[in-house]
Amino acid sequence: MADEVWVVQTTLPIEWLEPLVGEWCYNIISQDLAACVQRQIITSTYKWEDKVQSSEEWRIQFKTTLSKKANLISKITSEHPHGVPMILAFAAETTPEYAEWANS
């Protein structure tokens, strides 16, 4: 797929206030590991330690390139406060213009 970007998602604890989340995201963009990041508060329901739990958390979604994806995931893993962070990565088809911008 020539017109694609890589989407890398993670979550952060809701206890991280907006300034900290914003700084963390800014640092990743400024280190040129991604072209764009979006963040929003979500509610997740999940099974942890044999119990169904529900909590608010930050969903963080980066747009990056195939060549930067591994370094981005490594950065997330090394700085993440959870022992088992949720990290998803997938290719997304996009317009040629957006792909060119994101891959530059």
# chains A, B, ... in the order shown; residues from 1 in each chain; ligands from 1
call {"tool": "residues_around", "arguments": {"residues": "Trp101 of chain A", "least_positions_apart": "2", "cutoff": "12 Å", "atoms": "only C-alpha atoms", "output": "ChimeraX atom specification"}}
result
/A:3-5,34-36,63-65,94-99,103-104
call {"tool": "select_by_dssp", "arguments": {"residues": "chain A", "states": "strand (DSSP E)", "output": "PyMOL selection string"}}
result
chain A and resi 4-13+36-48+51-64+87-93
call {"tool": "residues_around", "arguments": {"residues": "segment 79-90 of chain A", "least_positions_apart": "4", "cutoff": "12 Å", "atoms": "only C-alpha atoms", "output": "number ranges by chain"}}
result
A: 4-16, 21, 24-25, 27-28, 44, 46, 48, 57-66, 68-70, 72-75
call {"tool": "write_last_selection", "arguments": {"atoms": "C-alpha atoms", "output": "compact mmCIF listing (two decimals), in the first residue's frame"}}
result
# COMPACT_ATOMS: atom_id res chain seq x y z
CA GLU A 4 -0.52 4.54 3.96
CA VAL A 5 0.45 5.69 7.40
CA TRP A 6 1.04 3.60 10.48
CA VAL A 7 -1.25 4.16 13.43
CA VAL A 8 0.19 3.34 16.84
CA GLN A 9 -2.18 3.46 19.81
CA THR A 10 -1.60 3.26 23.51
CA THR A 11 -3.36 4.35 26.68
CA LEU A 12 -2.12 6.30 29.68
CA PRO A 13 -3.58 6.46 33.18
CA ILE A 14 -6.20 9.13 33.81
CA GLU A 15 -4.09 10.23 36.79
CA TRP A 16 -1.73 11.78 34.26
CA VAL A 21 0.06 13.94 28.74
CA TRP A 24 4.76 13.39 26.77
CA CYS A 25 3.07 13.59 23.37
CA ASN A 27 8.28 15.13 23.22
CA ILE A 28 7.55 12.16 20.97
CA SER A 44 -12.24 1.20 29.00
CA TYR A 46 -11.29 -4.90 30.61
CA TRP A 48 -7.45 -7.65 34.89
CA GLU A 57 -7.87 6.60 30.71
CA TRP A 58 -6.18 8.56 27.95
CA ARG A 59 -6.22 7.09 24.45
CA ILE A 60 -3.15 8.22 22.55
CA GLN A 61 -3.02 7.70 18.78
CA PHE A 62 0.11 8.44 16.79
CA LYS A 63 0.48 8.59 13.01
CA THR A 64 3.94 7.51 11.92
CA THR A 65 5.84 5.73 9.17
CA LEU A 66 6.87 2.12 8.83
CA LYS A 68 9.79 4.96 12.56
CA LYS A 69 7.25 2.50 14.00
CA ALA A 70 9.70 0.25 15.89
CA LEU A 72 8.13 4.76 18.49
CA ILE A 73 6.95 1.50 20.08
CA SER A 74 10.27 1.16 21.90
CA LYS A 75 9.93 4.71 23.27
call {"tool": "closest_residue", "arguments": {"among": "A:Asn71, A:Gln40, A:Ser30, A:Ala102", "to": "Glu56 of chain A", "atoms": "only C-alpha atoms"}}
result
A:Gln40
call {"tool": "atom_distance", "arguments": {"atom1": "atom CA of Ile42 of chain A", "atom2": "atom CA of Ser78 of chain A"}}
result
23.0 Å
call {"tool": "closest_residue", "arguments": {"among": "A:Arg39, A:Thr45, A:Thr77, A:Ala92", "to": "Gly22 of chain A", "atoms": "only C-alpha atoms"}}
result
A:Arg39
call {"tool": "select_by_dssp", "arguments": {"residues": "chain A", "states": "helix (DSSP H, G or I)", "output": "short mmCIF file (atom, residue, chain, number, x, y, z; two decimals) with N, CA and C atoms, in the first residue's frame"}}
result
data_model
loop_
_atom_site.label_atom_id
_atom_site.label_comp_id
_atom_site.auth_asym_id
_atom_site.auth_seq_id
_atom_site.Cartn_x
_atom_site.Cartn_y
_atom_site.Cartn_z
N GLU A 18 -3.64 16.58 32.05
CA GLU A 18 -3.46 17.07 30.67
C GLU A 18 -2.07 17.65 30.41
N PRO A 19 -1.50 18.48 31.29
CA PRO A 19 -0.17 19.01 30.99
C PRO A 19 0.90 17.93 30.83
N LEU A 20 0.84 16.89 31.65
CA LEU A 20 1.81 15.80 31.56
C LEU A 20 1.61 14.99 30.28
N VAL A 21 0.36 14.68 29.97
CA VAL A 21 0.06 13.94 28.74
C VAL A 21 0.49 14.76 27.53
N GLY A 22 0.18 16.05 27.55
CA GLY A 22 0.57 16.93 26.46
C GLY A 22 2.08 17.00 26.28
N GLU A 23 2.80 17.09 27.37
CA GLU A 23 4.27 17.14 27.31
C GLU A 23 4.83 15.83 26.77
N TRP A 24 4.29 14.71 27.22
CA TRP A 24 4.76 13.39 26.77
C TRP A 24 4.55 13.26 25.26
N CYS A 25 3.37 13.65 24.80
CA CYS A 25 3.07 13.59 23.37
C CYS A 25 3.96 14.56 22.58
N TYR A 26 4.12 15.77 23.08
CA TYR A 26 4.96 16.77 22.42
C TYR A 26 6.38 16.25 22.25
N ASN A 27 6.91 15.65 23.29
CA ASN A 27 8.28 15.13 23.22
C ASN A 27 8.44 14.06 22.15
N ILE A 28 7.47 13.21 22.00
CA ILE A 28 7.55 12.16 20.97
C ILE A 28 7.51 12.78 19.57
N ILE A 29 6.64 13.77 19.38
CA ILE A 29 6.58 14.45 18.08
C ILE A 29 7.89 15.21 17.83
N SER A 30 8.40 15.91 18.85
CA SER A 30 9.62 16.70 18.65
C SER A 30 10.85 15.82 18.41
N LEU A 66 6.37 3.47 8.58
CA LEU A 66 6.87 2.12 8.83
C LEU A 66 8.30 2.18 9.37
N SER A 67 9.12 3.07 8.83
CA SER A 67 10.52 3.14 9.26
C SER A 67 10.69 3.68 10.68
N LYS A 68 9.70 4.40 11.20
CA LYS A 68 9.79 4.96 12.56
C LYS A 68 9.00 4.15 13.59
N LYS A 69 8.17 3.23 13.12
CA LYS A 69 7.25 2.50 14.00
C LYS A 69 7.96 1.77 15.13
N ALA A 70 9.01 1.04 14.85
CA ALA A 70 9.70 0.25 15.89
C ALA A 70 10.30 1.16 16.96
N ASN A 71 10.90 2.28 16.54
CA ASN A 71 11.47 3.21 17.52
C ASN A 71 10.39 3.86 18.36
N LEU A 72 9.25 4.19 17.75
CA LEU A 72 8.13 4.76 18.49
C LEU A 72 7.62 3.76 19.54
N ILE A 73 7.43 2.53 19.14
CA ILE A 73 6.95 1.50 20.08
C ILE A 73 7.97 1.29 21.20
N SER A 74 9.23 1.30 20.88
CA SER A 74 10.27 1.16 21.90
C SER A 74 10.22 2.32 22.90
N LYS A 75 10.03 3.53 22.41
CA LYS A 75 9.93 4.71 23.27
C LYS A 75 8.71 4.61 24.18
N ILE A 76 7.57 4.23 23.62
CA ILE A 76 6.36 4.07 24.43
C ILE A 76 6.59 3.03 25.52
N THR A 77 7.14 1.90 25.15
CA THR A 77 7.37 0.80 26.10
C THR A 77 8.31 1.23 27.22
N SER A 78 9.37 1.94 26.87
CA SER A 78 10.37 2.31 27.88
C SER A 78 9.86 3.37 28.86
N GLU A 79 8.89 4.19 28.46
CA GLU A 79 8.42 5.27 29.31
C GLU A 79 7.03 5.03 29.90
N PRO A 96 -3.17 10.27 -0.86
CA PRO A 96 -1.75 10.46 -1.24
C PRO A 96 -1.14 11.69 -0.56
N GLU A 97 -1.92 12.74 -0.44
CA GLU A 97 -1.41 13.98 0.16
C GLU A 97 -1.08 13.80 1.64
N TYR A 98 -1.96 13.15 2.38
CA TYR A 98 -1.71 12.93 3.81
C TYR A 98 -0.54 11.98 4.00
N ALA A 99 -0.47 10.93 3.20
CA ALA A 99 0.63 9.99 3.29
C ALA A 99 1.96 10.68 3.02
N GLU A 100 1.98 11.55 2.02
CA GLU A 100 3.22 12.27 1.71
C GLU A 100 3.62 13.16 2.88
N TRP A 101 2.66 13.86 3.47
CA TRP A 101 2.96 14.72 4.62
C TRP A 101 3.47 13.89 5.80
N ALA A 102 2.76 12.84 6.13
CA ALA A 102 3.13 12.01 7.29
C ALA A 102 4.46 11.30 7.10
#
